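Peer 1: Sharing coords.cif, mmCIF, C-alpha atoms:
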data_protein
loop_
_atom_site.label_atom_id
_atom_site.label_comp_id
_atom_site.auth_asym_id
_atom_site.auth_seq_id
_atom_site.Cartn_x
_atom_site.Cartn_y
_atom_site.Cartn_z
CA MET A 16 27.59 28.78 -18.98
CA SER A 17 25.01 26.28 -17.97
CA ASP A 18 24.74 23.19 -20.08
CA ALA A 19 21.14 22.62 -19.03
CA PRO A 20 18.68 22.11 -21.88
CA ARG A 21 17.29 25.38 -23.21
CA VAL A 22 13.59 25.86 -23.75
CA GLN A 23 12.35 27.10 -27.10
CA LEU A 24 9.10 28.59 -25.91
CA PHE A 25 6.18 28.73 -28.30
CA ALA A 26 8.13 27.03 -31.05
CA THR A 27 6.05 25.81 -33.95
CA GLN A 28 7.76 22.66 -35.16
CA THR A 29 5.64 19.81 -36.32
CA ALA A 30 4.66 17.86 -33.25
CA GLU A 31 2.80 14.75 -32.36
CA HIS A 32 -0.77 15.07 -31.24
CA ASP A 33 -1.88 13.30 -28.16
CA HIS A 34 -4.99 11.83 -29.68
CA ASP A 35 -5.85 8.60 -31.37
CA ASP A 36 -5.47 9.17 -35.06
CA GLY A 37 -6.48 5.68 -36.04
CA HIS A 38 -2.95 4.78 -37.04
CA GLY A 39 -1.67 4.37 -33.52
CA ASP A 40 0.22 7.37 -32.23
CA HIS A 41 3.80 6.40 -32.31
CA HIS A 42 5.07 9.70 -33.65
CA ALA A 43 7.70 11.21 -31.39
CA VAL A 44 7.47 14.64 -29.80
CA THR A 45 9.76 17.43 -30.88
CA PRO A 46 12.07 18.72 -28.16
CA ALA A 47 10.42 22.15 -28.24
CA THR A 48 6.95 20.70 -27.80
CA LEU A 49 8.07 18.53 -24.92
CA GLU A 50 9.71 21.50 -23.19
CA ASN A 51 6.68 23.73 -23.82
CA VAL A 52 4.28 21.19 -22.34
CA LYS A 53 6.50 20.76 -19.30
CA PHE A 54 6.86 24.53 -18.93
CA ALA A 55 3.07 24.91 -19.03
CA THR A 56 2.77 22.19 -16.39
CA TRP A 57 5.24 23.99 -14.13
CA LEU A 58 3.26 27.22 -14.54
CA TYR A 59 0.09 25.34 -13.60
CA ILE A 60 1.88 23.95 -10.55
CA GLY A 61 2.91 27.51 -9.66
CA SER A 62 -0.74 28.60 -9.67
CA GLU A 63 -1.66 25.62 -7.51
CA ILE A 64 1.04 26.63 -5.03
CA MET A 65 -0.68 29.99 -4.59
CA ILE A 66 -4.04 28.33 -3.89
CA PHE A 67 -2.64 25.86 -1.37
CA SER A 68 -0.59 28.61 0.28
CA ALA A 69 -3.75 30.67 0.84
CA MET A 70 -5.44 27.70 2.50
CA LEU A 71 -2.41 26.88 4.61
CA VAL A 72 -1.96 30.44 5.83
CA ALA A 73 -5.68 30.63 6.70
CA TYR A 74 -5.15 27.55 8.88
CA LEU A 75 -1.96 28.91 10.46
CA VAL A 76 -3.49 32.30 11.25
CA PHE A 77 -6.50 30.59 12.83
CA ARG A 78 -4.15 28.40 14.82
CA ILE A 79 -2.19 31.36 16.16
CA PHE A 80 -5.30 33.12 17.47
CA ASN A 81 -7.29 30.06 18.56
CA TRP A 82 -4.67 27.91 20.19
CA GLU A 83 -7.08 26.25 22.66
CA ILE A 84 -9.50 25.14 19.95
CA VAL A 85 -6.68 23.82 17.78
CA GLN A 86 -5.14 21.96 20.71
CA GLU A 87 -8.48 20.33 21.56
CA ALA A 88 -9.14 19.43 17.92
CA THR A 89 -5.68 18.03 17.22
CA GLU A 90 -6.10 15.58 20.10
CA HIS A 91 -8.60 13.82 17.84
CA LEU A 92 -6.21 13.66 14.88
CA SER A 93 -4.69 10.21 14.47
CA ILE A 94 -1.00 10.76 13.78
CA THR A 95 -0.51 7.02 13.23
CA LEU A 96 -3.15 6.88 10.52
CA VAL A 97 -1.95 10.05 8.82
CA SER A 98 1.70 8.94 9.02
CA LEU A 99 0.72 5.68 7.32
CA ASN A 100 -1.06 7.73 4.67
CA THR A 101 2.07 9.83 4.20
CA PHE A 102 4.18 6.71 3.60
CA ILE A 103 1.57 5.49 1.13
CA LEU A 104 1.72 8.72 -0.86
CA LEU A 105 5.54 8.74 -0.81
CA ALA A 106 5.54 5.16 -2.11
CA SER A 107 3.04 6.12 -4.81
CA SER A 108 5.41 8.85 -5.99
CA TRP A 109 8.21 6.30 -6.18
CA MET A 110 5.98 3.98 -8.23
CA MET A 111 5.10 6.87 -10.50
CA VAL A 112 8.73 7.64 -11.24
CA MET A 113 9.46 3.93 -11.74
CA GLY A 114 6.61 3.86 -14.27
CA LEU A 115 8.21 6.75 -16.12
CA ARG A 116 11.51 4.90 -16.05
CA ALA A 117 9.83 1.79 -17.46
CA ILE A 118 8.42 3.64 -20.45
CA GLN A 119 11.72 5.43 -20.99
CA ASN A 120 13.12 1.92 -21.36
CA GLY A 121 10.33 1.15 -23.84
CA SER A 122 8.21 -1.08 -21.58
CA ASN A 123 4.50 -0.37 -21.76
CA GLU A 124 3.94 -3.42 -19.53
CA GLY A 125 6.22 -1.98 -16.89
CA LEU A 126 4.48 1.38 -17.17
CA VAL A 127 1.06 -0.19 -16.69
CA ARG A 128 2.28 -2.21 -13.71
CA TRP A 129 3.88 0.72 -11.91
CA ILE A 130 1.12 3.23 -12.64
CA SER A 131 -1.44 0.68 -11.47
CA GLY A 132 0.44 0.58 -8.19
CA THR A 133 0.40 4.38 -8.07
CA VAL A 134 -3.36 4.48 -8.61
CA VAL A 135 -4.02 1.76 -6.03
CA LEU A 136 -1.94 3.60 -3.41
CA GLY A 137 -3.69 6.86 -4.30
CA ALA A 138 -7.07 5.18 -3.81
CA ILE A 139 -5.94 3.76 -0.45
CA PHE A 140 -4.80 7.25 0.57
CA VAL A 141 -8.25 8.69 -0.23
CA GLY A 142 -9.96 5.79 1.55
CA LEU A 143 -7.93 6.35 4.73
CA GLN A 144 -8.64 10.06 4.52
CA VAL A 145 -12.36 9.26 4.49
CA VAL A 146 -11.84 7.06 7.57
CA GLU A 147 -10.03 9.94 9.27
CA TYR A 148 -12.78 12.42 8.38
CA ALA A 149 -15.49 10.06 9.69
CA GLU A 150 -13.61 9.86 12.99
CA LEU A 151 -13.28 13.64 13.20
CA VAL A 152 -16.96 14.20 12.41
CA HIS A 153 -17.77 11.72 15.16
CA HIS A 154 -15.85 13.99 17.55
CA GLY A 155 -17.80 17.05 16.41
CA ILE A 156 -15.27 18.52 14.01
CA LEU A 157 -17.57 19.56 11.20
CA LEU A 158 -17.17 21.54 8.01
CA THR A 159 -19.94 23.98 8.87
CA GLY A 160 -20.90 25.75 12.07
CA GLY A 161 -19.47 28.87 13.62
CA GLU A 162 -18.68 27.60 17.10
CA GLY A 163 -15.99 25.57 18.83
CA LEU A 164 -14.40 22.68 16.99
CA SER A 165 -16.26 23.39 13.77
CA ARG A 166 -14.36 26.65 13.46
CA PHE A 167 -11.27 24.44 13.33
CA GLY A 168 -13.02 22.07 10.92
CA MET A 169 -13.51 24.75 8.29
CA ARG A 170 -9.79 25.57 8.25
CA PHE A 171 -8.70 21.93 8.46
CA TYR A 172 -10.96 20.39 5.83
CA ALA A 173 -10.34 23.09 3.20
CA PRO A 174 -6.66 22.29 2.49
CA THR A 175 -6.80 18.55 3.25
CA ALA A 176 -9.97 17.85 1.27
CA PHE A 177 -8.80 20.04 -1.61
CA HIS A 178 -5.64 17.96 -1.62
CA GLY A 179 -7.73 14.78 -1.49
CA ALA A 180 -9.64 16.00 -4.55
CA HIS A 181 -6.31 16.36 -6.34
CA VAL A 182 -5.45 12.76 -5.45
CA ILE A 183 -8.80 11.58 -6.83
CA ILE A 184 -8.20 13.50 -10.07
CA GLY A 185 -4.70 12.00 -10.18
CA CYS A 186 -6.14 8.48 -9.81
CA LEU A 187 -8.55 9.08 -12.72
CA TRP A 188 -5.69 10.52 -14.79
CA GLY A 189 -3.61 7.47 -13.88
CA LEU A 190 -6.36 5.15 -15.11
CA TRP A 191 -6.31 6.98 -18.43
CA ILE A 192 -2.52 6.54 -18.63
CA ILE A 193 -2.94 2.83 -17.82
CA SER A 194 -5.55 2.37 -20.55
CA ARG A 195 -3.25 4.00 -23.10
CA GLY A 196 -0.26 2.02 -21.89
CA ALA A 197 -2.23 -1.20 -22.18
CA ARG A 198 -2.91 -0.31 -25.83
CA GLN A 199 0.82 0.29 -26.42
CA LYS A 200 0.27 4.00 -27.08
CA PHE A 201 3.54 5.02 -25.47
CA SER A 202 7.09 4.22 -26.42
CA ALA A 203 10.65 5.06 -25.39
CA GLU A 204 10.45 8.10 -27.69
CA ARG A 205 6.93 9.12 -26.85
CA TYR A 206 5.81 9.54 -23.25
CA VAL A 207 5.01 13.23 -22.71
CA SER A 208 1.62 12.41 -21.18
CA VAL A 209 3.29 10.14 -18.64
CA GLU A 210 5.86 12.79 -17.76
CA VAL A 211 3.19 15.49 -17.30
CA PHE A 212 1.08 13.13 -15.20
CA GLY A 213 4.19 12.42 -13.15
CA LEU A 214 4.79 16.12 -12.51
CA TYR A 215 1.20 16.49 -11.32
CA TRP A 216 1.37 13.42 -9.07
CA HIS A 217 4.67 14.42 -7.49
CA PHE A 218 3.33 17.92 -6.90
CA VAL A 219 0.36 16.41 -5.05
CA ASP A 220 2.90 14.46 -2.98
CA VAL A 221 4.89 17.62 -2.23
CA VAL A 222 1.74 19.42 -1.08
CA TRP A 223 0.98 16.56 1.30
CA ILE A 224 4.53 16.62 2.67
CA ILE A 225 3.98 20.27 3.62
CA LEU A 226 0.41 19.84 4.92
CA PHE A 227 1.40 16.80 6.99
CA THR A 228 4.04 18.75 8.85
CA PHE A 229 2.24 22.06 9.27
CA ILE A 230 -1.20 20.69 10.13
CA TYR A 231 -0.53 17.40 11.87
CA LEU A 232 2.93 17.59 13.39
CA ILE A 233 3.58 21.19 14.39
CA MET B 6 17.71 13.18 -37.77
CA SER B 7 14.04 13.92 -38.37
CA HIS B 8 11.79 15.40 -35.75
CA ASP B 9 9.95 12.10 -35.41
CA THR B 10 12.99 10.25 -34.21
CA HIS B 11 13.86 12.64 -31.42
CA THR B 12 15.03 10.92 -28.28
CA HIS B 13 13.97 12.59 -25.03
CA GLU B 14 16.41 13.28 -22.30
CA LYS B 15 16.11 10.38 -19.90
CA HIS B 16 16.55 10.61 -16.19
CA ALA B 17 18.18 8.14 -13.82
CA VAL B 18 17.38 4.99 -15.79
CA SER B 19 20.11 2.85 -14.24
CA ASP B 20 20.04 0.85 -11.02
CA THR B 21 23.14 2.56 -9.70
CA ALA B 22 23.25 5.58 -7.44
CA ASN B 23 26.14 7.76 -6.37
CA LEU B 24 26.13 8.32 -2.62
CA PHE B 25 28.90 10.37 -1.06
CA GLY B 26 31.32 9.41 -3.79
CA ARG B 27 30.44 5.70 -3.70
CA THR B 28 28.49 3.96 -6.41
CA ILE B 29 25.89 1.52 -5.11
CA THR B 30 23.51 -0.73 -6.99
CA VAL B 31 19.89 -0.70 -5.83
CA PRO B 32 16.79 -1.77 -7.76
CA GLY B 33 15.35 1.53 -8.91
CA GLY B 34 18.68 3.33 -8.48
CA MET B 35 18.57 6.87 -7.14
CA TYR B 36 14.75 6.85 -7.06
CA SER B 37 14.75 4.08 -4.44
CA VAL B 38 17.49 5.80 -2.44
CA VAL B 39 15.40 8.99 -2.38
CA LEU B 40 12.34 7.01 -1.23
CA GLY B 41 14.40 5.57 1.62
CA VAL B 42 15.65 9.01 2.65
CA LEU B 43 12.09 10.41 2.53
CA ALA B 44 10.84 7.55 4.70
CA VAL B 45 13.61 8.02 7.25
CA ILE B 46 13.03 11.79 7.45
CA THR B 47 9.29 11.18 7.90
CA ILE B 48 9.97 8.79 10.79
CA ILE B 49 12.29 11.38 12.37
CA GLU B 50 9.60 14.05 11.94
CA VAL B 51 6.91 11.94 13.60
CA LEU B 52 9.20 11.00 16.51
CA LEU B 53 10.34 14.60 16.91
CA SER B 54 6.75 15.84 17.01
CA GLU B 55 6.18 13.65 20.09
CA VAL B 56 9.24 14.96 21.93
CA PRO B 57 8.36 17.69 24.46
CA LEU B 58 10.53 20.45 23.02
CA PRO B 59 9.78 24.18 23.03
CA ASN B 60 7.94 25.26 19.88
CA VAL B 61 10.70 27.73 19.13
CA ILE B 62 12.99 24.74 18.50
CA LYS B 63 10.50 22.18 17.24
CA PHE B 64 8.77 24.41 14.68
CA PRO B 65 11.82 25.41 12.61
CA VAL B 66 13.34 21.92 12.74
CA LEU B 67 10.13 20.24 11.54
CA ALA B 68 9.60 22.94 8.92
CA ALA B 69 13.17 22.51 7.64
CA LEU B 70 12.80 18.70 7.46
CA SER B 71 9.51 19.08 5.59
CA ILE B 72 10.95 21.56 3.11
CA GLY B 73 13.98 19.27 2.67
CA LYS B 74 11.65 16.39 1.75
CA ALA B 75 9.77 18.60 -0.70
CA VAL B 76 13.05 19.67 -2.33
CA LEU B 77 14.12 16.02 -2.69
CA VAL B 78 10.89 15.14 -4.51
CA VAL B 79 11.09 18.20 -6.75
CA MET B 80 14.75 17.69 -7.63
CA PHE B 81 14.84 13.92 -8.10
CA TYR B 82 11.30 12.76 -8.89
CA MET B 83 10.23 15.87 -10.82
CA HIS B 84 13.73 16.06 -12.35
CA LEU B 85 14.08 19.78 -11.78
CA LYS B 86 17.80 19.39 -11.14
CA ASP B 87 18.30 18.09 -14.69
CA ASP B 88 15.70 20.17 -16.52
CA SER B 89 15.80 23.59 -18.10
CA ARG B 90 16.57 26.51 -15.77
CA ILE B 91 13.39 28.27 -16.90
CA PHE B 92 11.35 25.66 -15.03
CA ILE B 93 13.06 26.75 -11.84
CA TRP B 94 11.84 30.29 -12.52
CA ALA B 95 8.35 29.06 -13.37
CA ILE B 96 8.07 27.42 -9.97
CA GLY B 97 10.42 29.71 -8.02
CA VAL B 98 8.60 33.00 -8.64
CA PRO B 99 5.17 31.83 -7.41
CA LEU B 100 6.85 29.99 -4.56
CA ALA B 101 8.68 33.15 -3.48
CA MET B 102 5.47 35.18 -3.78
CA ALA B 103 3.56 32.62 -1.75
CA ALA B 104 6.28 32.61 0.92
CA LEU B 105 6.20 36.41 1.13
CA ILE B 106 2.41 36.46 1.44
CA VAL B 107 2.48 33.76 4.11
CA LEU B 108 5.14 35.59 6.13
CA PHE B 109 3.30 38.90 5.74
CA LEU B 110 -0.02 37.44 6.89
CA LEU B 111 1.59 35.62 9.81
CA GLY B 112 3.41 38.78 10.86
CA MET B 113 0.45 41.16 10.67
CA ASP B 114 -0.79 43.02 13.71
CA PRO B 115 -3.28 40.80 15.59
CA ILE B 116 -5.81 43.64 15.70
CA LEU B 117 -6.28 43.19 11.95
CA TYR B 118 -7.46 39.65 12.62
CA ALA B 119 -10.26 40.73 14.96
CA GLY B 120 -12.71 38.48 13.13
CA GLN B 121 -10.46 35.49 13.68
CA LEU B 122 -10.12 35.92 17.42
CA ASN B 123 -11.71 33.40 19.73
CA PRO B 124 -14.85 35.01 21.22
#
Let me see whether you can do it: turn the structure in this file into structure tokens.
Peer 2:
Amino acid sequence: MSDAPRVQLFATQTAEHDHDDGHGDHHAVTPATLENVKFATWLYIGSEIMIFSAMLVAYLVFRIFNWEIVQEATEHLSITLVSLNTFILLASSWMMVMGLRAIQNGSNEGLVRWISGTVVLGAIFVGLQVVEYAELVHHGILLTGGEGLSRFGMRFYAPTAFHGAHVIIGCLWGLWIISRGARQKFSAERYVSVEVFGLYWHFVDVVWIILFTFIYLI
Amino acid sequence: MSHDTHTHEKHAVSDTANLFGRTITVPGGMYSVVLGVLAVITIIEVLLSEVPLPNVIKFPVLAALSIGKAVLVVMFYMHLKDDSRIFIWAIGVPLAMAALIVLFLLGMDPILYAGQLNP
């Protein structure tokens, strides 16, 4: 028998609410609520996997049947820049998990410090992606247009920009976590929002790990 | 114990990590070790992509390294290895479906992709 924690789905125990109730929200979360929220997050991640898979397969199919266009276009992709961006996102994931560790040890200050690092690295990632896009547009790889390199552009920008949008959303979410951490809203017993944010951020990292290999390296 | 004093399960909060039977102390513990492994694999991937190898070799090796990195993040940073088994199903079922769809679409007869062909 597995000794892994069991999920009590849709349990109805009294739970904390994730809003400001004017008394500071230092109530702890029941185990069932925590597990339910995490389960819902995993289901959400599952749905995101389907969306990203559709975009990735559209790119791969295009690549198979338009090898010359893809080869010409990928000559303009800067592997150095994108590799740097990959390291940045990996480091941001590490900072995220260190932030979670800090709050598990009861340190809101540590949480704020680490999540700030996560957000800064996320912002740098998006900034470098904009630099990369500007370079590609300069070489004629556009989002629209039915000919030549732009046919590649449509398939390339869809998954990478959609991922970039996820990073931007993650940065905004991170700022919200920071603002709550700065007001001591979390504690060693109460950090569900941080954990859910962490799942989202790591998922965004995982998506990039896959996109980096299948779009830039292969 | 009341509901309000519940203590969550905490993951990897020490600075020690068990590697191949040896316990080492690193700031950040296992999380930092995983970051190091991810960085090393990424460097190997980038170097490998520049090596003139046949695609039939390069493609599966790079894909395997990439999937290995993803599994490391999911298991250690997303704590799936310590969490409830139902989370594995929640992510595993869509992942399996996505993999099937990807393989099906990649394996389809080229004639069905007439609109995708280079004019």
Peer 1: Using only C-alpha atoms, find which residues of chain A lie within 7 Å of chain B and jot them down as number ranges by chain.
Peer 2: A: 19-22, 42-45, 54, 57-58, 61, 64-65, 68, 72, 76-77, 80-81, 102, 109, 112-113, 116, 119, 204, 214, 217, 221, 224-225, 228, 232-233
Peer 1: How would the residues just chosen look if you wrote them out with C-alpha atoms as an mmCIF file, in the coordinates of the input?
Peer 2:
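Final output, selection01.cif:
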data_model
loop_
_atom_site.group_PDB
_atom_site.id
_atom_site.type_symbol
_atom_site.label_atom_id
_atom_site.label_comp_id
_atom_site.auth_asym_id
_atom_site.auth_seq_id
_atom_site.Cartn_x
_atom_site.Cartn_y
_atom_site.Cartn_z
ATOM 1 C CA ALA A 19 21.140 22.620 -19.030
ATOM 2 C CA PRO A 20 18.680 22.110 -21.880
ATOM 3 C CA ARG A 21 17.290 25.380 -23.210
ATOM 4 C CA VAL A 22 13.590 25.860 -23.750
ATOM 5 C CA HIS A 42 5.070 9.700 -33.650
ATOM 6 C CA ALA A 43 7.700 11.210 -31.390
ATOM 7 C CA VAL A 44 7.470 14.640 -29.800
ATOM 8 C CA THR A 45 9.760 17.430 -30.880
ATOM 9 C CA PHE A 54 6.860 24.530 -18.930
ATOM 10 C CA TRP A 57 5.240 23.990 -14.130
ATOM 11 C CA LEU A 58 3.260 27.220 -14.540
ATOM 12 C CA GLY A 61 2.910 27.510 -9.660
ATOM 13 C CA ILE A 64 1.040 26.630 -5.030
ATOM 14 C CA MET A 65 -0.680 29.990 -4.590
ATOM 15 C CA SER A 68 -0.590 28.610 0.280
ATOM 16 C CA VAL A 72 -1.960 30.440 5.830
ATOM 17 C CA VAL A 76 -3.490 32.300 11.250
ATOM 18 C CA PHE A 77 -6.500 30.590 12.830
ATOM 19 C CA PHE A 80 -5.300 33.120 17.470
ATOM 20 C CA ASN A 81 -7.290 30.060 18.560
ATOM 21 C CA PHE A 102 4.180 6.710 3.600
ATOM 22 C CA TRP A 109 8.210 6.300 -6.180
ATOM 23 C CA VAL A 112 8.730 7.640 -11.240
ATOM 24 C CA MET A 113 9.460 3.930 -11.740
ATOM 25 C CA ARG A 116 11.510 4.900 -16.050
ATOM 26 C CA GLN A 119 11.720 5.430 -20.990
ATOM 27 C CA GLU A 204 10.450 8.100 -27.690
ATOM 28 C CA LEU A 214 4.790 16.120 -12.510
ATOM 29 C CA HIS A 217 4.670 14.420 -7.490
ATOM 30 C CA VAL A 221 4.890 17.620 -2.230
ATOM 31 C CA ILE A 224 4.530 16.620 2.670
ATOM 32 C CA ILE A 225 3.980 20.270 3.620
ATOM 33 C CA THR A 228 4.040 18.750 8.850
ATOM 34 C CA LEU A 232 2.930 17.590 13.390
ATOM 35 C CA ILE A 233 3.580 21.190 14.390
#
Peer 1: Run the PyMOL selection byres ((chain A and resi 197) around 9) on the file and write out the hits as a PDB file with C-alpha atoms, keeping the file's coordinate frame.
Peer 2:
ATOM      1  CA  ASN A 123       4.500  -0.370 -21.760  1.00  0.00           C
ATOM      2  CA  GLU A 124       3.940  -3.420 -19.530  1.00  0.00           C
ATOM      3  CA  LEU A 126       4.480   1.380 -17.170  1.00  0.00           C
ATOM      4  CA  VAL A 127       1.060  -0.190 -16.690  1.00  0.00           C
ATOM      5  CA  ILE A 192      -2.520   6.540 -18.630  1.00  0.00           C
ATOM      6  CA  ILE A 193      -2.940   2.830 -17.820  1.00  0.00           C
ATOM      7  CA  SER A 194      -5.550   2.370 -20.550  1.00  0.00           C
ATOM      8  CA  ARG A 195      -3.250   4.000 -23.100  1.00  0.00           C
ATOM      9  CA  GLY A 196      -0.260   2.020 -21.890  1.00  0.00           C
ATOM     10  CA  ARG A 198      -2.910  -0.310 -25.830  1.00  0.00           C
ATOM     11  CA  GLN A 199       0.820   0.290 -26.420  1.00  0.00           C
ATOM     12  CA  LYS A 200       0.270   4.000 -27.080  1.00  0.00           C
TER      13      LYS A 200
END
Peer 1: Just give me the gap between atom CA of A:Trp191 and atom CA of A:Leu99 in Å, one decimal is fine.
Peer 2: 26.7 Å
Peer 1: From the options A:Asn51, A:Arg205, A:Arg166, A:Val146, which residue's atoms come nearest to A:Arg78, counting all atoms listed in the file?
Peer 2: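 That would be A:Arg166, the residue with the smallest distance to A:Arg78.
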Peer 1: From (-5.2, 7.5, -3.5), in the file's coordinates, out to 9 Å: which residues are reached, counting all atoms listed in the file? Answer as a JSON list (two decimals) with C-alpha atoms, keeping the file's coordinate frame.
Peer 2:
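Generated file (result09.json):
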[["chain", "number", "residue", "atom", "x", "y", "z"],
["A", 103, "ILE", "CA", 1.57, 5.49, 1.13],
["A", 104, "LEU", "CA", 1.72, 8.72, -0.86],
["A", 107, "SER", "CA", 3.04, 6.12, -4.81],
["A", 133, "THR", "CA", 0.40, 4.38, -8.07],
["A", 134, "VAL", "CA", -3.36, 4.48, -8.61],
["A", 135, "VAL", "CA", -4.02, 1.76, -6.03],
["A", 136, "LEU", "CA", -1.94, 3.60, -3.41],
["A", 137, "GLY", "CA", -3.69, 6.86, -4.30],
["A", 138, "ALA", "CA", -7.07, 5.18, -3.81],
["A", 139, "ILE", "CA", -5.94, 3.76, -0.45],
["A", 140, "PHE", "CA", -4.80, 7.25, 0.57],
["A", 141, "VAL", "CA", -8.25, 8.69, -0.23],
["A", 142, "GLY", "CA", -9.96, 5.79, 1.55],
["A", 143, "LEU", "CA", -7.93, 6.35, 4.73],
["A", 179, "GLY", "CA", -7.73, 14.78, -1.49],
["A", 182, "VAL", "CA", -5.45, 12.76, -5.45],
["A", 183, "ILE", "CA", -8.80, 11.58, -6.83],
["A", 185, "GLY", "CA", -4.70, 12.00, -10.18],
["A", 186, "CYS", "CA", -6.14, 8.48, -9.81]]
Peer 1: Write out all heavy atoms for stretch 36-42 of chain B, as a PDB file, keeping the file's coordinate frame.
Peer 2:
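Written file, rebuild.pdb:
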ATOM      1  N   TYR B  36      16.150   6.661  -7.466  1.00  0.00           N
ATOM      2  CA  TYR B  36      14.750   6.850  -7.060  1.00  0.00           C
ATOM      3  C   TYR B  36      14.454   6.091  -5.759  1.00  0.00           C
ATOM      4  O   TYR B  36      13.749   6.591  -4.874  1.00  0.00           O
ATOM      5  CB  TYR B  36      13.807   6.348  -8.152  1.00  0.00           C
ATOM      6  CG  TYR B  36      13.888   7.125  -9.453  1.00  0.00           C
ATOM      7  CD1 TYR B  36      13.697   6.496 -10.674  1.00  0.00           C
ATOM      8  CD2 TYR B  36      14.149   8.491  -9.455  1.00  0.00           C
ATOM      9  CE1 TYR B  36      13.758   7.201 -11.865  1.00  0.00           C
ATOM     10  CE2 TYR B  36      14.215   9.202 -10.641  1.00  0.00           C
ATOM     11  CZ  TYR B  36      14.020   8.559 -11.840  1.00  0.00           C
ATOM     12  OH  TYR B  36      14.086   9.251 -13.021  1.00  0.00           O
ATOM     13  N   SER B  37      14.988   4.878  -5.642  1.00  0.00           N
ATOM     14  CA  SER B  37      14.750   4.080  -4.440  1.00  0.00           C
ATOM     15  C   SER B  37      15.506   4.673  -3.249  1.00  0.00           C
ATOM     16  O   SER B  37      14.998   4.675  -2.122  1.00  0.00           O
ATOM     17  CB  SER B  37      15.175   2.630  -4.662  1.00  0.00           C
ATOM     18  OG  SER B  37      14.442   2.076  -5.724  1.00  0.00           O
ATOM     19  N   VAL B  38      16.717   5.170  -3.516  1.00  0.00           N
ATOM     20  CA  VAL B  38      17.490   5.800  -2.440  1.00  0.00           C
ATOM     21  C   VAL B  38      16.721   7.007  -1.891  1.00  0.00           C
ATOM     22  O   VAL B  38      16.597   7.196  -0.674  1.00  0.00           O
ATOM     23  CB  VAL B  38      18.877   6.240  -2.954  1.00  0.00           C
ATOM     24  CG1 VAL B  38      19.608   7.078  -1.906  1.00  0.00           C
ATOM     25  CG2 VAL B  38      19.712   5.014  -3.321  1.00  0.00           C
ATOM     26  N   VAL B  39      16.163   7.805  -2.800  1.00  0.00           N
ATOM     27  CA  VAL B  39      15.400   8.990  -2.380  1.00  0.00           C
ATOM     28  C   VAL B  39      14.179   8.564  -1.566  1.00  0.00           C
ATOM     29  O   VAL B  39      13.866   9.180  -0.538  1.00  0.00           O
ATOM     30  CB  VAL B  39      14.976   9.836  -3.611  1.00  0.00           C
ATOM     31  CG1 VAL B  39      13.978  10.914  -3.220  1.00  0.00           C
ATOM     32  CG2 VAL B  39      16.206  10.467  -4.257  1.00  0.00           C
ATOM     33  N   LEU B  40      13.503   7.496  -1.995  1.00  0.00           N
ATOM     34  CA  LEU B  40      12.340   7.010  -1.230  1.00  0.00           C
ATOM     35  C   LEU B  40      12.770   6.637   0.187  1.00  0.00           C
ATOM     36  O   LEU B  40      12.084   6.970   1.160  1.00  0.00           O
ATOM     37  CB  LEU B  40      11.705   5.806  -1.928  1.00  0.00           C
ATOM     38  CG  LEU B  40      10.539   5.163  -1.160  1.00  0.00           C
ATOM     39  CD1 LEU B  40       9.339   6.108  -1.087  1.00  0.00           C
ATOM     40  CD2 LEU B  40      10.118   3.840  -1.788  1.00  0.00           C
ATOM     41  N   GLY B  41      13.904   5.950   0.297  1.00  0.00           N
ATOM     42  CA  GLY B  41      14.400   5.570   1.620  1.00  0.00           C
ATOM     43  C   GLY B  41      14.692   6.785   2.488  1.00  0.00           C
ATOM     44  O   GLY B  41      14.315   6.822   3.661  1.00  0.00           O
ATOM     45  N   VAL B  42      15.333   7.781   1.897  1.00  0.00           N
ATOM     46  CA  VAL B  42      15.650   9.010   2.650  1.00  0.00           C
ATOM     47  C   VAL B  42      14.352   9.701   3.084  1.00  0.00           C
ATOM     48  O   VAL B  42      14.230  10.150   4.234  1.00  0.00           O
ATOM     49  CB  VAL B  42      16.519   9.957   1.787  1.00  0.00           C
ATOM     50  CG1 VAL B  42      16.712  11.302   2.482  1.00  0.00           C
ATOM     51  CG2 VAL B  42      17.870   9.313   1.500  1.00  0.00           C
TER      52      VAL B  42
END
